[in-house]
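K.L.:
Structure file protein-v3.pdb (PDB, C-alpha atoms and all ligand atoms) is given on the next line.
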ATOM      1  CA  MET A   1      -4.900 -27.208   8.097
ATOM      2  CA  THR A   2      -6.007 -26.085  11.619
ATOM      3  CA  PRO A   3      -8.452 -23.176  11.591
ATOM      4  CA  ASN A   4      -7.227 -19.951  13.140
ATOM      5  CA  PRO A   5      -9.347 -19.166  16.234
ATOM      6  CA  ALA A   6      -7.888 -15.674  16.840
ATOM      7  CA  PRO A   7      -8.722 -12.642  14.652
ATOM      8  CA  PRO A   8      -6.390 -12.621  11.649
ATOM      9  CA  THR A   9      -3.137 -10.718  11.814
ATOM     10  CA  ILE A  10      -2.168  -8.402   8.972
ATOM     11  CA  HIS A  11       1.500  -9.016   8.087
ATOM     12  CA  VAL A  12       3.094  -6.333   5.957
ATOM     13  CA  PHE A  13       6.217  -7.514   4.111
ATOM     14  CA  GLY A  14       7.806  -4.526   2.448
ATOM     15  CA  SER A  15       9.572  -1.206   2.512
ATOM     16  CA  LEU A  16      10.312   1.453   5.100
ATOM     17  CA  ASN A  17      11.570   4.850   3.875
ATOM     18  CA  MET A  18      12.263   8.209   5.391
ATOM     19  CA  ASP A  19      10.347  10.680   3.215
ATOM     20  CA  LEU A  20      12.190  13.927   2.413
ATOM     21  CA  VAL A  21       9.227  16.106   1.513
ATOM     22  CA  CYS A  22       9.444  19.478  -0.287
ATOM     23  CA  ARG A  23       6.265  21.540  -0.661
ATOM     24  CA  THR A  24       6.290  23.564  -3.877
ATOM     25  CA  PRO A  25       3.779  25.819  -5.667
ATOM     26  CA  ARG A  26       3.966  23.449  -8.640
ATOM     27  CA  LEU A  27       5.940  20.354  -9.653
ATOM     28  CA  PRO A  28       9.214  21.073 -11.525
ATOM     29  CA  GLN A  29       9.718  20.212 -15.224
ATOM     30  CA  PRO A  30      12.752  18.042 -16.158
ATOM     31  CA  GLY A  31      15.850  20.252 -16.006
ATOM     32  CA  GLU A  32      14.070  23.030 -14.113
ATOM     33  CA  THR A  33      14.923  24.414 -10.660
ATOM     34  CA  ILE A  34      12.096  25.917  -8.638
ATOM     35  CA  LEU A  35      11.875  27.308  -5.107
ATOM     36  CA  GLY A  36       9.953  25.305  -2.547
ATOM     37  CA  THR A  37       8.155  26.682   0.479
ATOM     38  CA  HIS A  38       8.650  24.060   3.183
ATOM     39  CA  PHE A  39      10.704  20.930   3.987
ATOM     40  CA  GLU A  40      10.000  18.026   6.334
ATOM     41  CA  THR A  41      11.322  14.519   7.037
ATOM     42  CA  LEU A  42       8.380  12.188   7.642
ATOM     43  CA  PRO A  43       8.094   8.394   8.071
ATOM     44  CA  GLY A  44       7.058   6.626   4.871
ATOM     45  CA  GLY A  45       7.647   3.640   2.626
ATOM     46  CA  LYS A  46       4.712   1.869   1.005
ATOM     47  CA  GLY A  47       5.008  -1.158   3.298
ATOM     48  CA  ALA A  48       5.284   0.790   6.542
ATOM     49  CA  ASN A  49       2.510   3.175   5.454
ATOM     50  CA  GLN A  50       0.127   0.275   4.882
ATOM     51  CA  ALA A  51       1.052  -1.213   8.258
ATOM     52  CA  VAL A  52       0.381   2.077  10.059
ATOM     53  CA  ALA A  53      -2.923   2.517   8.196
ATOM     54  CA  ALA A  54      -4.172  -0.911   9.304
ATOM     55  CA  ALA A  55      -2.937  -0.587  12.897
ATOM     56  CA  ARG A  56      -4.476   2.859  13.345
ATOM     57  CA  LEU A  57      -7.837   1.365  12.364
ATOM     58  CA  GLY A  58      -7.479  -1.168  15.181
ATOM     59  CA  ALA A  59      -6.204  -4.222  13.246
ATOM     60  CA  SER A  60      -3.585  -6.553  14.702
ATOM     61  CA  THR A  61      -0.648  -5.668  12.446
ATOM     62  CA  ALA A  62       2.985  -6.795  12.162
ATOM     63  CA  MET A  63       5.775  -5.616   9.838
ATOM     64  CA  VAL A  64       8.690  -7.517   8.295
ATOM     65  CA  GLY A  65      11.344  -5.516   6.447
ATOM     66  CA  ARG A  66      14.789  -3.900   6.673
ATOM     67  CA  VAL A  67      16.250  -0.533   7.667
ATOM     68  CA  GLY A  68      19.878   0.602   7.996
ATOM     69  CA  GLU A  69      21.673   0.853  11.325
ATOM     70  CA  ASP A  70      21.126   4.623  11.402
ATOM     71  CA  ASP A  71      18.949   7.351  12.873
ATOM     72  CA  PHE A  72      16.341   7.160  10.096
ATOM     73  CA  GLY A  73      16.035   3.415  10.703
ATOM     74  CA  ARG A  74      15.595   3.866  14.458
ATOM     75  CA  GLN A  75      13.004   6.617  13.929
ATOM     76  CA  LEU A  76      11.027   4.473  11.487
ATOM     77  CA  ILE A  77      10.903   1.485  13.847
ATOM     78  CA  GLN A  78       9.872   3.748  16.716
ATOM     79  CA  GLY A  79       7.128   5.307  14.565
ATOM     80  CA  LEU A  80       5.709   1.876  13.733
ATOM     81  CA  GLN A  81       5.675   0.900  17.396
ATOM     82  CA  GLN A  82       3.960   4.144  18.387
ATOM     83  CA  ALA A  83       1.237   3.442  15.815
ATOM     84  CA  GLY A  84       0.671  -0.014  17.345
ATOM     85  CA  VAL A  85       2.505  -2.075  14.713
ATOM     86  CA  GLU A  86       4.462  -5.089  16.019
ATOM     87  CA  ALA A  87       7.879  -4.270  14.526
ATOM     88  CA  ARG A  88      10.127  -7.081  15.807
ATOM     89  CA  GLY A  89      10.248  -8.387  12.224
ATOM     90  CA  VAL A  90      12.080  -5.259  11.037
ATOM     91  CA  ALA A  91      15.825  -6.007  10.852
ATOM     92  CA  MET A  92      18.554  -3.364  11.192
ATOM     93  CA  ASP A  93      21.070  -4.028   8.428
ATOM     94  CA  ALA A  94      24.630  -2.681   8.711
ATOM     95  CA  GLY A  95      25.146  -3.253   4.977
ATOM     96  CA  ALA A  96      23.033  -0.382   3.635
ATOM     97  CA  PRO A  97      21.445   2.868   4.774
ATOM     98  CA  THR A  98      17.737   3.206   5.437
ATOM     99  CA  GLY A  99      15.660   3.777   2.292
ATOM    100  CA  VAL A 100      14.714   7.351   1.447
ATOM    101  CA  ALA A 101      12.101   8.939  -0.816
ATOM    102  CA  ALA A 102      12.568  12.425  -2.288
ATOM    103  CA  ILE A 103       9.044  13.785  -2.630
ATOM    104  CA  ALA A 104       7.706  17.017  -4.116
ATOM    105  CA  VAL A 105       4.100  17.987  -3.292
ATOM    106  CA  ASP A 106       2.392  20.864  -5.110
ATOM    107  CA  GLU A 107      -0.430  23.149  -3.973
ATOM    108  CA  ALA A 108      -3.051  20.863  -5.504
ATOM    109  CA  GLY A 109      -1.757  17.964  -3.399
ATOM    110  CA  ARG A 110      -0.199  16.145  -6.386
ATOM    111  CA  ASN A 111       3.251  14.592  -6.000
ATOM    112  CA  THR A 112       6.306  13.125  -7.629
ATOM    113  CA  ILE A 113       8.394  10.543  -5.755
ATOM    114  CA  VAL A 114      11.908   9.150  -6.265
ATOM    115  CA  VAL A 115      12.759   6.222  -3.975
ATOM    116  CA  VAL A 116      16.336   5.136  -3.198
ATOM    117  CA  PRO A 117      15.739   1.679  -1.659
ATOM    118  CA  GLY A 118      18.885   1.303   0.513
ATOM    119  CA  ALA A 119      18.229  -1.534   2.987
ATOM    120  CA  ASN A 120      14.870  -2.309   1.344
ATOM    121  CA  GLY A 121      16.873  -3.582  -1.637
ATOM    122  CA  ARG A 122      18.497  -6.240   0.583
ATOM    123  CA  VAL A 123      15.222  -7.859   1.683
ATOM    124  CA  GLY A 124      15.547 -11.584   0.958
ATOM    125  CA  ASP A 125      15.608 -15.109   2.386
ATOM    126  CA  ASP A 126      16.095 -14.223   6.082
ATOM    127  CA  ASP A 127      13.155 -11.866   5.947
ATOM    128  CA  ILE A 128      10.961 -14.439   4.201
ATOM    129  CA  ASP A 129      11.829 -16.925   6.964
ATOM    130  CA  ARG A 130      10.839 -14.373   9.618
ATOM    131  CA  LEU A 131       7.541 -13.840   7.831
ATOM    132  CA  ALA A 132       6.827 -17.541   7.287
ATOM    133  CA  THR A 133       7.273 -18.476  10.953
ATOM    134  CA  ARG A 134       4.661 -15.876  11.976
ATOM    135  CA  LEU A 135       1.909 -16.787   9.536
ATOM    136  CA  ARG A 136      -1.271 -18.598  10.477
ATOM    137  CA  PRO A 137      -4.150 -19.756   8.267
ATOM    138  CA  GLY A 138      -6.557 -16.901   7.541
ATOM    139  CA  ASP A 139      -3.969 -14.152   8.141
ATOM    140  CA  LEU A 140      -3.512 -11.424   5.536
ATOM    141  CA  VAL A 141      -0.169 -10.624   3.886
ATOM    142  CA  LEU A 142       0.314  -7.198   2.275
ATOM    143  CA  LEU A 143       3.010  -6.866  -0.385
ATOM    144  CA  GLN A 144       4.294  -4.017  -2.593
ATOM    145  CA  PHE A 145       7.150  -3.640  -5.097
ATOM    146  CA  GLU A 146       9.640  -1.494  -3.156
ATOM    147  CA  VAL A 147      11.587  -4.618  -2.123
ATOM    148  CA  PRO A 148      13.102  -7.102  -4.655
ATOM    149  CA  LEU A 149      10.502  -8.871  -6.818
ATOM    150  CA  LEU A 150      11.980 -12.311  -6.060
ATOM    151  CA  ALA A 151      11.407 -11.691  -2.350
ATOM    152  CA  VAL A 152       7.848 -10.485  -3.006
ATOM    153  CA  MET A 153       7.116 -13.639  -5.010
ATOM    154  CA  ALA A 154       8.641 -15.896  -2.348
ATOM    155  CA  ALA A 155       6.625 -14.130   0.363
ATOM    156  CA  ALA A 156       3.424 -14.641  -1.641
ATOM    157  CA  LYS A 157       4.227 -18.359  -2.025
ATOM    158  CA  ALA A 158       4.989 -18.697   1.698
ATOM    159  CA  ALA A 159       1.704 -16.992   2.508
ATOM    160  CA  LYS A 160      -0.299 -19.290   0.245
ATOM    161  CA  ALA A 161       1.460 -22.331   1.735
ATOM    162  CA  GLN A 162       0.264 -21.262   5.203
ATOM    163  CA  GLY A 163      -3.309 -20.561   4.056
ATOM    164  CA  ALA A 164      -2.928 -16.773   4.352
ATOM    165  CA  ARG A 165      -4.552 -14.323   1.906
ATOM    166  CA  VAL A 166      -2.257 -12.235  -0.297
ATOM    167  CA  ILE A 167      -2.946  -8.596  -1.214
ATOM    168  CA  VAL A 168      -0.422  -7.049  -3.605
ATOM    169  CA  ASP A 169      -0.060  -3.343  -4.343
ATOM    170  CA  PRO A 170       2.021  -3.450  -7.564
ATOM    171  CA  ALA A 171       3.754  -0.142  -6.866
ATOM    172  CA  PRO A 172       6.068   1.219  -8.166
ATOM    173  CA  ALA A 173       4.822   0.107 -11.584
ATOM    174  CA  ARG A 174       6.642  -2.627 -13.498
ATOM    175  CA  ASP A 175       5.931  -4.536 -16.706
ATOM    176  CA  ASP A 176       8.053  -7.656 -16.157
ATOM    177  CA  LEU A 177       5.805  -9.731 -13.901
ATOM    178  CA  PRO A 178       6.043 -13.464 -14.651
ATOM    179  CA  ALA A 179       2.787 -15.310 -15.480
ATOM    180  CA  GLU A 180       2.971 -17.498 -12.350
ATOM    181  CA  PHE A 181       3.007 -14.417 -10.092
ATOM    182  CA  PHE A 182      -0.658 -13.589 -10.788
ATOM    183  CA  LYS A 183      -1.829 -17.018  -9.596
ATOM    184  CA  THR A 184      -0.419 -16.403  -6.114
ATOM    185  CA  VAL A 185      -2.380 -13.161  -5.642
ATOM    186  CA  ASP A 186      -5.791 -13.013  -3.979
ATOM    187  CA  ILE A 187      -6.221  -9.268  -4.454
ATOM    188  CA  LEU A 188      -4.164  -7.046  -6.783
ATOM    189  CA  THR A 189      -4.642  -3.276  -6.317
ATOM    190  CA  PRO A 190      -2.913  -1.316  -9.111
ATOM    191  CA  ASN A 191      -3.523   2.367  -9.733
ATOM    192  CA  GLN A 192      -4.100   3.767 -13.204
ATOM    193  CA  ILE A 193      -0.405   3.944 -14.167
ATOM    194  CA  GLU A 194       0.398   0.514 -12.751
ATOM    195  CA  VAL A 195      -2.526  -1.277 -14.385
ATOM    196  CA  SER A 196      -1.693   0.334 -17.735
ATOM    197  CA  GLN A 197       1.884  -0.885 -17.441
ATOM    198  CA  ILE A 198       0.898  -4.419 -16.388
ATOM    199  CA  THR A 199      -1.822  -4.971 -19.002
ATOM    200  CA  GLY A 200      -0.511  -2.759 -21.810
ATOM    201  CA  LEU A 201      -3.967  -1.115 -22.016
ATOM    202  CA  SER A 202      -4.317   2.648 -21.838
ATOM    203  CA  VAL A 203      -6.466   2.994 -18.720
ATOM    204  CA  THR A 204      -8.009   6.456 -18.512
ATOM    205  CA  ASP A 205     -11.546   5.971 -17.181
ATOM    206  CA  ILE A 206     -13.998   3.531 -15.595
ATOM    207  CA  PRO A 207     -14.708   1.418 -18.728
ATOM    208  CA  THR A 208     -10.997   0.955 -19.548
ATOM    209  CA  ALA A 209     -10.239   0.199 -15.877
ATOM    210  CA  THR A 210     -13.016  -2.404 -15.907
ATOM    211  CA  GLU A 211     -11.525  -4.065 -18.968
ATOM    212  CA  ALA A 212      -8.051  -4.045 -17.383
ATOM    213  CA  GLY A 213      -9.464  -5.515 -14.152
ATOM    214  CA  ARG A 214     -11.114  -8.325 -16.151
ATOM    215  CA  GLN A 215      -7.792  -9.071 -17.870
ATOM    216  CA  LEU A 216      -6.017  -9.346 -14.510
ATOM    217  CA  VAL A 217      -8.633 -11.852 -13.344
ATOM    218  CA  GLN A 218      -8.085 -13.841 -16.560
ATOM    219  CA  ARG A 219      -4.366 -13.897 -15.756
ATOM    220  CA  GLY A 220      -5.117 -15.586 -12.429
ATOM    221  CA  VAL A 221      -5.682 -13.022  -9.651
ATOM    222  CA  ALA A 222      -8.843 -13.739  -7.693
ATOM    223  CA  ILE A 223      -9.832 -10.066  -7.357
ATOM    224  CA  ALA A 224      -8.487  -6.956  -9.111
ATOM    225  CA  ILE A 225      -9.158  -3.525  -7.630
ATOM    226  CA  VAL A 226      -8.072  -0.675  -9.921
ATOM    227  CA  LYS A 227      -7.553   2.517  -7.882
ATOM    228  CA  LEU A 228      -8.484   5.599  -9.909
ATOM    229  CA  GLY A 229      -8.039   8.453  -7.417
ATOM    230  CA  GLU A 230     -10.869  10.971  -7.822
ATOM    231  CA  LEU A 231     -12.749   8.494 -10.035
ATOM    232  CA  GLY A 232     -12.926   5.954  -7.213
ATOM    233  CA  ALA A 233     -12.101   2.275  -7.716
ATOM    234  CA  VAL A 234     -13.183  -0.462 -10.112
ATOM    235  CA  VAL A 235     -13.419  -4.033  -8.857
ATOM    236  CA  ALA A 236     -13.292  -7.218 -10.934
ATOM    237  CA  ALA A 237     -13.953 -10.518  -9.149
ATOM    238  CA  GLY A 238     -14.765 -13.642 -11.139
ATOM    239  CA  ASP A 239     -17.448 -12.629 -13.658
ATOM    240  CA  ARG A 240     -18.554  -9.651 -11.571
ATOM    241  CA  THR A 241     -17.391  -6.028 -11.824
ATOM    242  CA  PHE A 242     -18.479  -2.958  -9.884
ATOM    243  CA  HIS A 243     -17.477   0.666  -9.375
ATOM    244  CA  GLN A 244     -16.923   2.329  -5.989
ATOM    245  CA  PRO A 245     -17.098   6.151  -6.273
ATOM    246  CA  ALA A 246     -14.557   8.247  -4.360
ATOM    247  CA  LEU A 247     -15.734  10.504  -1.535
ATOM    248  CA  PRO A 248     -15.631  14.166  -2.597
ATOM    249  CA  VAL A 249     -12.968  15.696  -0.331
ATOM    250  CA  LYS A 250     -10.491  18.548  -0.663
ATOM    251  CA  ALA A 251      -7.061  16.939  -1.158
ATOM    252  CA  VAL A 252      -4.082  18.691   0.420
ATOM    253  CA  ASP A 253      -1.605  15.826  -0.100
ATOM    254  CA  THR A 254      -2.218  12.605  -2.028
ATOM    255  CA  VAL A 255       1.058  10.924  -0.921
ATOM    256  CA  ALA A 256       0.221   7.421   0.382
ATOM    257  CA  ALA A 257      -3.482   7.577  -0.517
ATOM    258  CA  GLY A 258      -3.040   4.191  -2.205
ATOM    259  CA  ASP A 259      -1.358   2.857   0.941
ATOM    260  CA  ALA A 260      -4.245   4.135   3.060
ATOM    261  CA  PHE A 261      -6.637   2.278   0.734
ATOM    262  CA  ASN A 262      -4.716  -0.996   1.079
ATOM    263  CA  GLY A 263      -4.350  -0.732   4.859
ATOM    264  CA  GLY A 264      -8.063   0.042   5.119
ATOM    265  CA  LEU A 265      -8.971  -2.822   2.801
ATOM    266  CA  ALA A 266      -6.935  -5.297   4.859
ATOM    267  CA  ALA A 267      -8.371  -4.008   8.156
ATOM    268  CA  ALA A 268     -11.906  -4.398   6.782
ATOM    269  CA  LEU A 269     -11.256  -7.917   5.482
ATOM    270  CA  ALA A 270      -9.685  -8.868   8.821
ATOM    271  CA  GLU A 271     -13.028  -7.908  10.372
ATOM    272  CA  ALA A 272     -14.767 -10.242   7.889
ATOM    273  CA  MET A 273     -16.462  -7.442   5.919
ATOM    274  CA  ASP A 274     -17.580  -8.632   2.481
ATOM    275  CA  LEU A 275     -15.835  -7.308  -0.635
ATOM    276  CA  GLU A 276     -18.253  -4.420  -1.355
ATOM    277  CA  ALA A 277     -18.158  -3.237   2.250
ATOM    278  CA  ALA A 278     -14.376  -3.559   2.435
ATOM    279  CA  VAL A 279     -13.861  -1.527  -0.761
ATOM    280  CA  GLU A 280     -16.260   1.177   0.448
ATOM    281  CA  PHE A 281     -14.435   1.332   3.790
ATOM    282  CA  ALA A 282     -11.010   1.428   2.089
ATOM    283  CA  SER A 283     -12.183   4.322  -0.122
ATOM    284  CA  ALA A 284     -13.212   6.294   2.945
ATOM    285  CA  VAL A 285      -9.813   5.609   4.573
ATOM    286  CA  ALA A 286      -8.045   6.863   1.424
ATOM    287  CA  ALA A 287     -10.268   9.952   1.287
ATOM    288  CA  ALA A 288      -9.504  10.776   4.930
ATOM    289  CA  SER A 289      -5.765  10.380   4.276
ATOM    290  CA  VAL A 290      -5.587  12.958   1.472
ATOM    291  CA  MET A 291      -6.993  15.647   3.764
ATOM    292  CA  VAL A 292      -3.848  15.533   5.942
ATOM    293  CA  PRO A 293      -0.192  16.089   4.880
ATOM    294  CA  GLY A 294       2.376  13.283   4.901
ATOM    295  CA  ALA A 295       2.308   9.507   4.545
ATOM    296  CA  GLN A 296       2.033   7.775   7.938
ATOM    297  CA  SER A 297       1.059  11.067   9.537
ATOM    298  CA  SER A 298      -2.055  11.125   7.311
ATOM    299  CA  MET A 299      -3.412   7.684   8.214
ATOM    300  CA  PRO A 300      -6.771   8.216   9.929
ATOM    301  CA  GLU A 301      -8.196   6.875  13.175
ATOM    302  CA  ARG A 302     -11.392   4.857  13.010
ATOM    303  CA  SER A 303     -13.496   7.788  14.275
ATOM    304  CA  GLN A 304     -12.274  10.033  11.426
ATOM    305  CA  VAL A 305     -13.247   7.407   8.850
ATOM    306  CA  ALA A 306     -16.654   7.017  10.489
ATOM    307  CA  ALA A 307     -17.235  10.784  10.434
ATOM    308  CA  LEU A 308     -16.263  11.087   6.789
ATOM    309  CA  GLY A 309     -18.229   8.022   5.691
ATOM    310  CA  ARG A 310     -21.297   8.688   7.840
ATOM    311  CA  ASP A 311     -23.588   8.587   4.793
ATOM    312  CA  LEU A 312     -22.106   5.310   3.585
ATOM    313  CA  LYS A 313     -23.389   1.877   4.595
ATOM    314  CA  HIS A 314     -20.215   0.335   6.020
ATOM    315  CA  CYS A 315     -18.069   2.986   7.770
TER     316      CYS A 315
HETATM  317  O1  LIG B 401       3.153   5.524  -1.344
HETATM  318  C1  LIG B 401       3.826   6.618  -0.782
HETATM  319  C2  LIG B 401       5.223   6.225  -0.400
HETATM  320  O2  LIG B 401       5.944   5.964  -1.572
HETATM  321  C3  LIG B 401       6.010   7.293   0.312
HETATM  322  O3  LIG B 401       5.833   7.257   1.711
HETATM  323  C4  LIG B 401       7.436   7.007  -0.129
HETATM  324  O4  LIG B 401       8.252   6.539   0.883
HETATM  325  C5  LIG B 401       7.311   5.991  -1.255
HETATM  326  O5  LIG B 401       7.616   4.748  -0.817
END
Would you kindly transcribe this structure into structure tokens?
P.N.:
Amino acid sequence: MTPNPAPPTIHVFGSLNMDLVCRTPRLPQPGETILGTHFETLPGGKGANQAVAAARLGASTAMVGRVGEDDFGRQLIQGLQQAGVEARGVAMDAGAPTGVAAIAVDEAGRNTIVVVPGANGRVGDDDIDRLATRLRPGDLVLLQFEVPLLAVMAAAKAAKAQGARVIVDPAPARDDLPAEFFKTVDILTPNQIEVSQITGLSVTDIPTATEAGRQLVQRGVAIAIVKLGELGAVVAAGDRTFHQPALPVKAVDTVAAGDAFNGGLAAALAEAMDLEAAVEFASAVAAASVMVPGAQSSMPERSQVAALGRDLKHC
């Protein structure tokens, strides 16, 4: 395999959604109607959010995915381009509308999200071909679960075949992952809910997250990073485990904090930071993102991460 002389490209293969965001004093109970205070449409989708996060930090970033032939789709592609993401791999599909996410955010910055995949649900062979032709050894491929699982698995295989590294954010959570999937993953980054669903353990704190991370490594992932929000992140790699504390910030909106983490992690690894440094940097990116409303709109510039992480070693 020929070595890649250029800096690695981060390829994001995944979803693009228009986020329909309602701000509310508190999140509604099932069956309850409450009055919100504010409504906005904002670019989102876990895939596109991760792409914007990486590009805003200065990484060479490209996106492969699908939107409908509609205004939301056009706006999402334009937003990616404005953030510096190469978006020629995003197809406009006449067969389905652009994906949307109905999001409620309360005054503490917590959220609930319902995603209707639309065109994201039609991601398949053509998209995998577009990804495969772009990959070079040493590149990074970022995957999530808002496009069909078969496509995610095929993209991971294509990435491994080209010598690219695979980072999977297993969100939204699912408990039906086949055993062979884990062996194609270099880094798996579940949050508390996702890791509980995948392992069957009840993950509530750092010790249980460490145990779950170890189990993921035993299943075949090279590195597991369990994202615990305010509790930081727990990393399991081979026989080693460590904890990265979260930066103490005032959260106004936690939507896409996990995406900010993954985009930051990929950007750091593309700059050849080691694992500890990359996780510390990713945590600072996530912390910066929760201080600003929205998904892509909250992804920080490099200078904001540096200011927030000025007491850390690697920001
Ligand atoms: O991770 C946050 C994202 O989840 C939102 O932008 C929404 O589109 C859903 O995909």
K.L.:
Let me see if you get this right: every residue at most 9 Å from ligand LIG 401 (chain B), counting all atoms listed in the file, written as a ChimeraX atom specification.
P.N.:
/A:15-20,42-50,99-103,113-115,117,146,171-172,254-260,294-296
K.L.:
A:Ile10: which residues within 10 Å, counting only C-alpha atoms, same-chain residues fewer than 4 positions away excluded, as an NGL selection string?
P.N.:
:A and (50-51 or 54-55 or 59-63 or 85 or 135 or 138-142 or 164-165 or 263 or 266-267 or 269-270)
K.L.:
Which residues are near A:Ser202? Cut-off 9 Å, only C-alpha atoms, ignore same chain within fewer than 3 positions. Put them as a count of residues only.
P.N.:
9
K.L.:
I would like the residues chosen by the PyMOL selection byres (((chain A and resi 134) around 12) and not hetatm) on the shown file; could you give them as a PyMOL selection string?
P.N.:
chain A and resi 8-13+61-64+86+88-89+127-133+135-137+139-141+155+158-159+162+164
K.L.:
Please measure the separation of atom CA of A:Ile206 and atom CA of A:Glu107, giving the value in Å to one decimal.
P.N.:
26.5 Å
K.L.:
Any idea what's packed within 6 Å of stretch 178-190 of chain A, counting all atoms listed in the file, ignoring anything in its chain fewer than 3 positions away? Could you give it as a list in words?
P.N.:
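Close residues of stretch 178-190 of chain A: Val166, Ile167, Val168, Asp169, Pro170, Glu194, Val195, Gly220, Val221, Ala222, Ile223, Ala224, Ile225 and Val226 of chain A.
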K.L.:
Is it possible to get the residues within 12 Å of (21.1, 6.1, 9.3) (coordinates as in the file, counting all atoms listed in the file) written as a short mmCIF file (atom, residue, chain, number, x, y, z; two decimals) with C-alpha atoms, in the coordinates of the input?
P.N.:
data_model
loop_
_atom_site.label_atom_id
_atom_site.label_comp_id
_atom_site.auth_asym_id
_atom_site.auth_seq_id
_atom_site.Cartn_x
_atom_site.Cartn_y
_atom_site.Cartn_z
CA ASN A 17 11.57 4.85 3.88
CA MET A 18 12.26 8.21 5.39
CA VAL A 67 16.25 -0.53 7.67
CA GLY A 68 19.88 0.60 8.00
CA GLU A 69 21.67 0.85 11.32
CA ASP A 70 21.13 4.62 11.40
CA ASP A 71 18.95 7.35 12.87
CA PHE A 72 16.34 7.16 10.10
CA GLY A 73 16.04 3.42 10.70
CA ARG A 74 15.60 3.87 14.46
CA GLN A 75 13.00 6.62 13.93
CA LEU A 76 11.03 4.47 11.49
CA MET A 92 18.55 -3.36 11.19
CA ASP A 93 21.07 -4.03 8.43
CA ALA A 94 24.63 -2.68 8.71
CA GLY A 95 25.15 -3.25 4.98
CA ALA A 96 23.03 -0.38 3.64
CA PRO A 97 21.44 2.87 4.77
CA THR A 98 17.74 3.21 5.44
CA GLY A 99 15.66 3.78 2.29
CA VAL A 100 14.71 7.35 1.45
CA GLY A 118 18.89 1.30 0.51
CA ALA A 119 18.23 -1.53 2.99
#
